[in-house]
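The next block holds one structure in the form of structure tokens; read it before the comments.
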Amino acid sequence: MFIFEKAITNEMVEEKIKQLKTIHPELAAVAERIHEMDLKETVNAILVADTLEVLLKIHAMREARGKALTDEMAQHIVKELKPKHPILASIIESAHQMDMRETIGALIVVEALKKFLRIHAARLATD
């Protein structure tokens, strides 16, 4: 597993981030910061990305059934996240207003972001 992750070059990551910017620029901005994160920040960001992914999936399911993520739910989550992850908090803040297409696009980018974070964490942990 680690051999594969170390085989991914910074240039490959930069190219993928350029592609992700067209889908969701805010999440791509988080990916651009990964190289500056230490191991603790990286693991914390992975946990936040997992949470964001779950919230987006809940929103997608509710959107499909005609029930959007409530303002109260979004505000509570944003309040908790804003101090450490302001970009992700702002995405959640606007997520409850996303349509299905935007939600699925954000899910695609979150999945890539999580992969980048895991690769970065593995590199930091093994160096």
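If you're wondering about the labels, chains in the structure tokens are A, B, ... by order shown, residues count from 1 in each chain, ligands from 1 in order shown.
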
Exercise for the section: Report as number ranges by chain: the residues of chain A with a DSSP assignment of alpha helix (DSSP H), based on the backbone of this structure. Expected result: A: 2-6, 10-23, 25-33, 39-64, 71-81, 86-95, 100-126

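Take the candidates A:Met100, A:Ile34, A:Ile23, A:Leu117 and check each one against Ile58 of chain A using only C-alpha atoms; the shortest distance goes to A:Met100.
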
Practice task
Find the residue from A:Leu56, A:Ile46, A:Ile119, A:Met37 that sits nearest to Glu102 of chain A; use only C-alpha atoms when measuring.
Solution key: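 Among the listed residues, A:Leu56 lies closest to Glu102 of chain A.
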
Practice task
Extract, using only C-alpha atoms, all DNA, RNA and protein residues at most 12 Å from Gln75 of chain A, discarding same-chain residues fewer than 3 positions from it, and format them as an MDAnalysis selection string.
Solution key: chainID A and resid 69:72 78:82 89:96

May I have the selected residues written with all heavy atoms, as a tab-separated table (two decimals), in the first residue's frame?
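Now in again_28.tsv:
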chain	number	residue	atom	x	y	z
A	69	LEU	N	-31.49	19.37	3.76
A	69	LEU	CA	-30.81	19.50	5.04
A	69	LEU	C	-31.30	20.77	5.70
A	69	LEU	O	-31.30	21.84	5.08
A	69	LEU	CB	-29.30	19.57	4.78
A	69	LEU	CG	-28.36	19.62	5.97
A	69	LEU	CD1	-28.44	18.32	6.78
A	69	LEU	CD2	-26.93	19.81	5.48
A	70	THR	N	-31.76	20.69	6.94
A	70	THR	CA	-32.35	21.87	7.58
A	70	THR	C	-31.29	22.91	7.93
A	70	THR	O	-30.12	22.59	8.12
A	70	THR	CB	-33.10	21.48	8.88
A	70	THR	OG1	-32.13	21.01	9.83
A	70	THR	CG2	-34.15	20.42	8.62
A	71	ASP	N	-31.72	24.15	8.02
A	71	ASP	CA	-30.83	25.24	8.39
A	71	ASP	C	-30.23	25.01	9.77
A	71	ASP	O	-29.06	25.28	10.00
A	71	ASP	CB	-31.57	26.58	8.38
A	71	ASP	CG	-31.89	27.05	6.97
A	71	ASP	OD1	-31.23	26.57	6.02
A	71	ASP	OD2	-32.78	27.90	6.83
A	72	GLU	N	-31.05	24.48	10.70
A	72	GLU	CA	-30.58	24.25	12.06
A	72	GLU	C	-29.45	23.23	12.09
A	72	GLU	O	-28.45	23.40	12.80
A	72	GLU	CB	-31.73	23.78	12.97
A	72	GLU	CG	-32.81	24.82	13.19
A	72	GLU	CD	-33.81	24.91	12.02
A	72	GLU	OE1	-33.95	23.94	11.24
A	72	GLU	OE2	-34.41	25.99	11.87
A	78	VAL	N	-21.68	23.79	11.26
A	78	VAL	CA	-20.79	24.89	10.89
A	78	VAL	C	-20.14	25.50	12.13
A	78	VAL	O	-18.94	25.77	12.15
A	78	VAL	CB	-21.54	25.97	10.07
A	78	VAL	CG1	-20.73	27.25	9.95
A	78	VAL	CG2	-21.89	25.42	8.70
A	79	LYS	N	-20.91	25.67	13.18
A	79	LYS	CA	-20.40	26.24	14.43
A	79	LYS	C	-19.26	25.39	14.99
A	79	LYS	O	-18.26	25.92	15.46
A	79	LYS	CB	-21.54	26.35	15.45
A	79	LYS	CG	-21.13	26.96	16.76
A	79	LYS	CD	-22.30	27.00	17.73
A	79	LYS	CE	-21.86	27.48	19.10
A	79	LYS	NZ	-22.94	27.38	20.07
A	80	GLU	N	-19.41	24.08	14.92
A	80	GLU	CA	-18.38	23.18	15.43
A	80	GLU	C	-17.11	23.20	14.56
A	80	GLU	O	-16.00	23.11	15.08
A	80	GLU	CB	-18.92	21.74	15.48
A	80	GLU	CG	-20.05	21.54	16.46
A	80	GLU	CD	-19.60	21.63	17.91
A	80	GLU	OE1	-18.51	21.11	18.21
A	80	GLU	OE2	-20.31	22.23	18.72
A	81	LEU	N	-17.26	23.29	13.25
A	81	LEU	CA	-16.14	23.17	12.33
A	81	LEU	C	-15.39	24.47	12.05
A	81	LEU	O	-14.21	24.44	11.75
A	81	LEU	CB	-16.62	22.63	10.98
A	81	LEU	CG	-16.83	21.14	10.87
A	81	LEU	CD1	-17.33	20.80	9.48
A	81	LEU	CD2	-15.54	20.39	11.16
A	82	LYS	N	-16.08	25.59	12.13
A	82	LYS	CA	-15.51	26.87	11.67
A	82	LYS	C	-14.14	27.20	12.27
A	82	LYS	O	-13.25	27.65	11.54
A	82	LYS	CB	-16.48	28.01	11.92
A	82	LYS	CG	-16.31	29.12	10.91
A	82	LYS	CD	-17.50	30.02	10.90
A	82	LYS	CE	-17.72	30.42	9.47
A	82	LYS	NZ	-18.99	30.95	9.18
A	89	ALA	N	-16.26	24.37	6.59
A	89	ALA	CA	-17.46	24.88	7.26
A	89	ALA	C	-18.31	25.71	6.30
A	89	ALA	O	-19.53	25.59	6.28
A	89	ALA	CB	-17.07	25.71	8.48
A	90	SER	N	-17.66	26.52	5.47
A	90	SER	CA	-18.43	27.34	4.52
A	90	SER	C	-19.09	26.46	3.45
A	90	SER	O	-20.18	26.78	2.98
A	90	SER	CB	-17.54	28.40	3.86
A	90	SER	OG	-16.66	27.83	2.94
A	91	ILE	N	-18.46	25.35	3.10
A	91	ILE	CA	-19.07	24.43	2.15
A	91	ILE	C	-20.32	23.80	2.75
A	91	ILE	O	-21.37	23.73	2.11
A	91	ILE	CB	-18.07	23.35	1.70
A	91	ILE	CG1	-16.95	24.00	0.89
A	91	ILE	CG2	-18.77	22.26	0.88
A	91	ILE	CD1	-15.73	23.11	0.69
A	92	ILE	N	-20.22	23.38	4.01
A	92	ILE	CA	-21.38	22.81	4.68
A	92	ILE	C	-22.48	23.85	4.82
A	92	ILE	O	-23.66	23.55	4.64
A	92	ILE	CB	-20.99	22.24	6.06
A	92	ILE	CG1	-20.08	21.02	5.86
A	92	ILE	CG2	-22.22	21.86	6.88
A	92	ILE	CD1	-19.44	20.50	7.11
A	93	GLU	N	-22.06	25.09	5.11
A	93	GLU	CA	-23.02	26.17	5.25
A	93	GLU	C	-23.86	26.35	3.98
A	93	GLU	O	-25.05	26.59	4.04
A	93	GLU	CB	-22.27	27.46	5.57
A	93	GLU	CG	-23.08	28.51	6.26
A	93	GLU	CD	-22.19	29.59	6.87
A	93	GLU	OE1	-21.04	29.77	6.43
A	93	GLU	OE2	-22.67	30.26	7.78
A	94	SER	N	-23.23	26.17	2.84
A	94	SER	CA	-23.96	26.32	1.58
A	94	SER	C	-24.50	24.99	1.05
A	94	SER	O	-25.31	24.99	0.12
A	94	SER	CB	-23.06	26.98	0.53
A	94	SER	OG	-21.95	26.15	0.25
A	95	ALA	N	-24.07	23.88	1.63
A	95	ALA	CA	-24.46	22.56	1.11
A	95	ALA	C	-25.97	22.33	1.13
A	95	ALA	O	-26.51	21.71	0.22
A	95	ALA	CB	-23.76	21.45	1.88
A	96	HIS	N	-26.64	22.83	2.15
A	96	HIS	CA	-28.07	22.58	2.24
A	96	HIS	C	-28.85	23.32	1.15
A	96	HIS	O	-30.03	23.06	0.95
A	96	HIS	CB	-28.61	22.90	3.64
A	96	HIS	CG	-28.56	24.34	4.00
A	96	HIS	ND1	-27.39	24.98	4.35
A	96	HIS	CD2	-29.53	25.27	4.07
A	96	HIS	CE1	-27.66	26.24	4.61
A	96	HIS	NE2	-28.94	26.44	4.45

Problem - Nearby residues (only C-alpha atoms) at most 12 Å from Val30 of chain A, same-chain spacing under 2 positions excluded, as a VMD selection string - result: chain A and resid 17 20 to 21 24 to 28 32 to 37 41 to 42 45 to 46 48 to 49 85 to 91 109 to 110 112 to 114 116 to 117

Practice task
Measure the distance from atom CA of Met61 of chain A to atom CA of Arg101 of chain A in Å and round it to one decimal.
Solution key: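 Taking atom CA of Met61 of chain A as the start and atom CA of Arg101 of chain A as the end point, the length is 12.4 Å.
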
Exercise for the section: Please measure the separation of atom CA of Asp99 of chain A and atom CA of Lys16 of chain A, giving the value in Å to one decimal. Expected result: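 Interatomic distance here is 24.2 Å.
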
Exercise for the section: May I have the residues within 8 Å of Ala121 of chain A as a VMD selection string, using only C-alpha atoms and disregarding those fewer than 3 positions away in the same chain? Expected result: chain A and resid 39 42 to 43 117 to 118 124 to 125

Exercise for the section: Provide the atom CA of Gly105 of chain A to atom CA of Arg123 of chain A distance in Å, to one decimal place. Expected result: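 Here the two named atoms are 27.5 Å from each other.
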